[in-house]
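Please read the structure below before turning to the comments.
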Amino acid sequence: MPPETPSQRDAAPPAPAPPAAATPPGTRPHEQAVVPFRTAVRAWFLISLQTFGGPAGQIAVMQRTLVDEHRWIGQRRFLHAMNYCMLLPGPEAQQLATYVGWLLHGTRGGLVAGGLFVLPGVVALLVLSAVYVAFGDTTTVLAVFAGLAPAVLAIVAQAVQRVAKRALDSRALVAIAVAAFLALALFGVPFPVVVALAGVAGWALGRWRPGALPQKAAAAGDDGPPPVISDDVLHAEPPTARRTLRVLLVGLLVWGVPVAAVALLTGVDSVLTQQGLFFSGTAVVTFGGAYAVLAYVAQQAVEVHGWLGPREMVRGLALAETTPGPLIMVVQFVAFLGAHRDPGTLDPWVAAVLASLLVTWVTFVPSFLFVLLGAPYMERLRGNRSLSSALTGITAAVVGVIANLGVYFAVHTLFSGTVDVDRGPLHLALPDPATLRPVPLAIALLAAVLLFRLRWSVLRTLGVCALLGLVAGLAGLPVA
């Protein structure tokens, strides 16, 4: 062995390797370790308590919490996920929560995010359904919710402003948004047709007029600091045939086994079985949001099955509009009343609770299935230029869709009567000025001031408006 030279003897020993970054407890392999799972669960629970205002308000809450405040996900990924969920049947906001939860923590993240998203609404509507059946009078509760409904108008307006600021950065995209709004608001074009045409328009612009879709449109206004979780660290799974078959099989079993069990225990002709089968079918045709399918649900539930009366359907819709969670939760109210009145061999209250939970199950399990099946494919196609152009067009149309929902909600919240106009291609409902409701209008204006001028939080604004609604209702003012 050759002798050491002086320089070798005097050389400093090699520096020890830096210790590996500590992995938060509960983190699974292939999951990002920046946001611990427990932290995300707490955030999803807080989001679930703010999910008032239909999909527009719910998406706005997730936008503000996940993208603007925590910066857990970038604007591009958020809009990419939202565009996919807009194409699916079912409640798009709940599906968006599932998708983002999957990006953060895989399958368990998606299940927890989507489950917590609907949990407060399930509990609230179950309690209100029981109160309605037991007492037949929800005046005090409706007074509280009557204060929340006008506040939702300001939340929706805020959502339109924020999404438009990020998504509409060229004249072509503004034109798509305006066209989508007019098609929905004036001509009654079906929602899936509007989304499909917007995608075709975006694809055509990207192919023949790429200058109309500037590169910053793809970033969709990512003008804040970079997200704390970079895109290459977010969860991703290869869309293999084996994984697809596994998810599909498990999803179908989870979806169908409860319905089969109810049919075996109560009979195929029982109300619970009929409701499980009927609402399993509606879950896969709810394109265009809840409003698009509720007319069919109301017609079948009232006229065909006789589960409740037409006035009760309206009351259930009012409760669902002012409770957290997707509007399609009204099906829980329908199931509760129908099973309570025709319980078969079960106790009426037991039948009502079982039917309510069964219908909720078959309504939302398909949403999880659609997202967990399709998300890996959508992530693989994220860099595809043609798809990106099409989704950019859909993003622009979403602004018009949310604006149309805001108009619809305003007409039915601020006015107690409407005039239907069907002249040629025009199909719209105009508010009757004589039926303007002063109290909701005043609460809506106050909510707008609190959100836009004073920059209050959504929860604080909703609390004040709920209190005002309660005071107005107890004072005998017309709020319902």
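As shown in the structure tokens, the chain order sets the letters A, B, ...; within each chain, residues go from 1, and ligands are also counted from 1 in the order they appear.
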
Inset, instruction - Based on DSSP run over this structure's backbone, return all residues of stretch 341-440 of chain A in strand (DSSP E), as a PyMOL selection string. - result: chain A and resi 418-423+426-431

Legend entry - For A:Leu430, the nearest of the candidates A:Ala56, A:Val262, A:Leu308, A:Leu186, counting only C-alpha atoms: A:Leu186

Tell me, counting only C-alpha atoms, for each residue of stretch 71-133 of chain A within 8 Å of stretch 349-371 of chain A, which pair of atoms is nearest and how far apart they are in Å to one decimal, in rows ordered by chain and increasing number, as JSON lines.
{"residue": "A:Cys85", "atom": "CA", "partner": "A:Val371", "partner_atom": "CA", "distance": 7.6}
{"residue": "A:Leu88", "atom": "CA", "partner": "A:Phe370", "partner_atom": "CA", "distance": 7.4}
{"residue": "A:Pro89", "atom": "CA", "partner": "A:Ser367", "partner_atom": "CA", "distance": 7.6}
{"residue": "A:Gly90", "atom": "CA", "partner": "A:Ser367", "partner_atom": "CA", "distance": 6.1}
{"residue": "A:Pro91", "atom": "CA", "partner": "A:Ser367", "partner_atom": "CA", "distance": 7.5}
{"residue": "A:Gln94", "atom": "CA", "partner": "A:Ser367", "partner_atom": "CA", "distance": 7.9}
{"residue": "A:Gln95", "atom": "CA", "partner": "A:Ser367", "partner_atom": "CA", "distance": 6.1}
{"residue": "A:Thr98", "atom": "CA", "partner": "A:Phe368", "partner_atom": "CA", "distance": 6.9}
{"residue": "A:Tyr99", "atom": "CA", "partner": "A:Val371", "partner_atom": "CA", "distance": 6.2}
{"residue": "A:Gly110", "atom": "CA", "partner": "A:Phe368", "partner_atom": "CA", "distance": 7.9}
{"residue": "A:Leu111", "atom": "CA", "partner": "A:Phe368", "partner_atom": "CA", "distance": 7.2}
{"residue": "A:Gly114", "atom": "CA", "partner": "A:Phe368", "partner_atom": "CA", "distance": 7.4}
{"residue": "A:Val122", "atom": "CA", "partner": "A:Thr360", "partner_atom": "CA", "distance": 7.7}
{"residue": "A:Leu126", "atom": "CA", "partner": "A:Ser356", "partner_atom": "CA", "distance": 7.3}

Please identify all polymer residues within 8 Å of A:Phe452, counting only C-alpha atoms, omitting same-chain residues fewer than 4 positions from it, and present them as a short mmCIF file (atom, residue, chain, number, x, y, z; two decimals) with N, CA and C atoms, in the first residue's frame.
data_model
loop_
_atom_site.label_atom_id
_atom_site.label_comp_id
_atom_site.auth_asym_id
_atom_site.auth_seq_id
_atom_site.Cartn_x
_atom_site.Cartn_y
_atom_site.Cartn_z
N GLN A 158 -69.10 36.50 -6.20
CA GLN A 158 -67.66 36.49 -5.93
C GLN A 158 -66.98 35.38 -6.72
N ALA A 448 -73.23 41.35 0.08
CA ALA A 448 -72.30 41.83 -0.94
C ALA A 448 -71.33 42.86 -0.37
N TRP A 456 -65.08 40.38 4.48
CA TRP A 456 -65.35 39.42 5.55
C TRP A 456 -65.21 38.00 5.00
#

Inset, instruction - Could you give me, as a list in words, the residues within 12 Å of A:Pro478, counting only C-alpha atoms and dropping anything in the same chain fewer than 5 positions from it? - result: Thr139, Leu142, Ala143, Ala146, Gly147, Leu414, Phe415, Ser416, Thr435, Leu436, Arg437, Pro438, Val439, Pro440, Leu441, Gly469, Leu470, Val471, Ala472 and Gly473 of chain A

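Between A:Gly211 and the candidates A:Ser389, A:Asn404, A:Thr413, A:Ser270, the tightest atom-to-atom separation, counting only C-alpha atoms, involves A:Ser389.
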